[in-house]
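What's in start.txt: compact mmCIF, C-alpha atoms
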# COMPACT_ATOMS: atom_id res chain seq x y z
CA MET S 1 192.77 39.35 120.48
CA SER S 2 189.19 40.20 121.33
CA ASP S 3 187.89 40.56 124.86
CA SER S 4 184.31 41.05 123.77
CA GLU S 5 181.65 38.64 124.94
CA HIS S 6 180.21 36.43 122.23
CA ASP S 7 177.62 34.35 124.06
CA LEU S 8 174.35 34.31 122.18
CA VAL S 9 172.33 36.28 124.75
CA SER S 10 175.02 39.00 124.76
CA GLU S 11 174.93 39.07 120.96
CA PHE S 12 171.12 39.23 120.79
CA PRO S 13 169.80 40.57 124.12
CA GLU S 14 166.46 41.46 122.54
CA PHE S 15 165.86 37.72 122.01
CA ARG S 16 166.75 36.58 125.55
CA ASP S 17 163.33 35.04 126.26
CA LYS S 18 162.97 33.56 122.78
CA ILE S 19 166.42 31.95 123.03
CA HIS S 20 165.40 30.30 126.28
CA ASP S 21 162.07 29.13 124.88
CA LEU S 22 163.63 27.68 121.72
CA LYS S 23 166.36 25.89 123.69
CA VAL S 24 163.59 24.12 125.60
CA THR S 25 161.19 23.40 122.74
CA ASP S 26 163.25 23.11 119.52
CA GLY S 27 165.84 20.34 119.25
CA HIS S 28 167.45 21.77 116.10
CA PHE S 29 167.85 25.21 117.69
CA ARG S 30 169.25 23.63 120.86
CA ALA S 31 171.84 21.64 118.87
CA LEU S 32 172.96 24.76 116.97
CA PHE S 33 173.03 26.73 120.23
CA GLU S 34 175.20 24.12 121.96
CA ARG S 35 177.59 23.88 118.99
CA TYR S 36 177.83 27.69 118.86
CA HIS S 37 178.90 27.78 122.50
CA GLU S 38 181.40 24.94 122.02
CA VAL S 39 183.00 26.74 119.08
CA ASN S 40 182.91 30.08 120.91
CA LYS S 41 184.78 28.57 123.87
CA LEU S 42 187.46 27.23 121.52
CA VAL S 43 187.84 30.61 119.80
CA MET S 44 188.07 32.42 123.13
CA ALA S 45 190.67 29.90 124.36
CA ALA S 46 192.70 30.49 121.20
CA GLU S 47 192.45 34.26 121.64
CA HIS S 48 193.64 34.03 125.23
CA ARG S 49 196.35 31.54 124.24
CA THR S 50 195.10 28.90 126.68
CA GLN S 51 194.41 26.45 123.82
CA PRO S 52 197.26 26.32 121.30
CA MET S 53 196.13 26.06 117.69
CA SER S 54 197.23 27.25 114.29
CA GLU S 55 195.96 30.48 112.81
CA GLU S 56 194.30 28.41 110.09
CA GLU S 57 192.41 26.32 112.66
CA GLU S 58 191.38 29.42 114.59
CA GLY S 59 190.19 31.02 111.35
CA LYS S 60 188.05 27.98 110.51
CA LEU S 61 186.49 28.09 113.98
CA ARG S 62 185.75 31.80 113.61
CA LYS S 63 184.01 31.14 110.29
CA GLU S 64 182.01 28.28 111.83
CA ARG S 65 181.00 30.52 114.75
CA MET S 66 179.86 33.22 112.34
CA GLN S 67 177.82 30.72 110.29
CA LEU S 68 176.22 29.27 113.42
CA LYS S 69 175.36 32.76 114.65
CA ASP S 70 173.79 33.57 111.28
CA ASP S 71 171.77 30.34 111.37
CA LEU S 72 170.60 30.99 114.93
CA TYR S 73 169.68 34.58 114.12
CA SER S 74 167.68 33.40 111.13
CA ILE S 75 165.69 31.06 113.36
CA LEU S 76 165.19 33.78 115.97
CA THR S 77 163.83 36.21 113.40
CA THR S 78 161.59 33.78 111.46
CA GLU S 79 160.12 31.38 114.04
CA SER S 80 156.74 32.30 115.45
CA SER S 81 156.84 33.33 119.08

Can you present the structure in this file as structure tokens?
Amino acid sequence: MSDSEHDLVSEFPEFRDKIHDLKVTDGHFRALFERYHEVNKLVMAAEHRTQPMSEEEEGKLRKERMQLKDDLYSILTTESS
């Protein structure tokens, strides 16, 4: 079980302002951001055993969260400010 915070601003504090700006101005970024947080909540619930799920399902969610985080990071590091 992991107690570490995985919200996007905690993961990338140096991009705090850019995350906010992109959530407001970029629909694709906003959709990825919202899905990331949905998946993150599910993973955290599985870790804390408040949402029963199989290890396989939890593993798939973890992989999805990692892919979403990679996609979001790519946007954060390539979009013009």

(request) Please indicate the distance in Å from atom CA of Phe29 of chain S to atom CA of Leu72 of chain S, rounded to one decimal place. (result) 7.0 Å

(message) So that I can see what lies close to segment 33-42 of chain S, please list as a VMD selection string the residues with an atom at most 7 Å from it, counting all atoms listed in the file and leaving out residues fewer than 6 positions away in the same chain.
(response) chain S and resid 7 61 65 68

(request) Fewer than 4 positions away in the same chain doesn't count, so skip those; otherwise give me all residues within 12 Å of Glu11 of chain S, counting only C-alpha atoms, as a list in words. (result)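 With the cut-off at 12 Å, the set is Ser4, Glu5, His6, Asp7, Phe15, Arg16, Ile19, Tyr36, Met66, Lys69, Asp70, Leu72 and Tyr73 of chain S.
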
(request) Kindly indicate which residue among S:Thr78, S:Gln67, S:Glu58, S:Ala46 lies nearest to Lys18 of chain S, using only C-alpha atoms for the distances. (result)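 Closest to Lys18 of chain S, using only C-alpha atoms: S:Thr78.
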
(request) Measure the distance from atom CA of Glu47 of chain S to atom CA of Asp17 of chain S in Å and round it to one decimal. (result) 29.5 Å

(request) Find the distance between atom CA of Thr25 of chain S and atom CA of Phe12 of chain S and write it in Å to one decimal. (result)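 So the answer is 18.8 Å.
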
(request) Point out the residue among S:Leu32, S:Met53, S:Val43, S:Leu22 with the least atom-to-atom distance to Thr77 of chain S, counting only C-alpha atoms. (result) S:Leu22
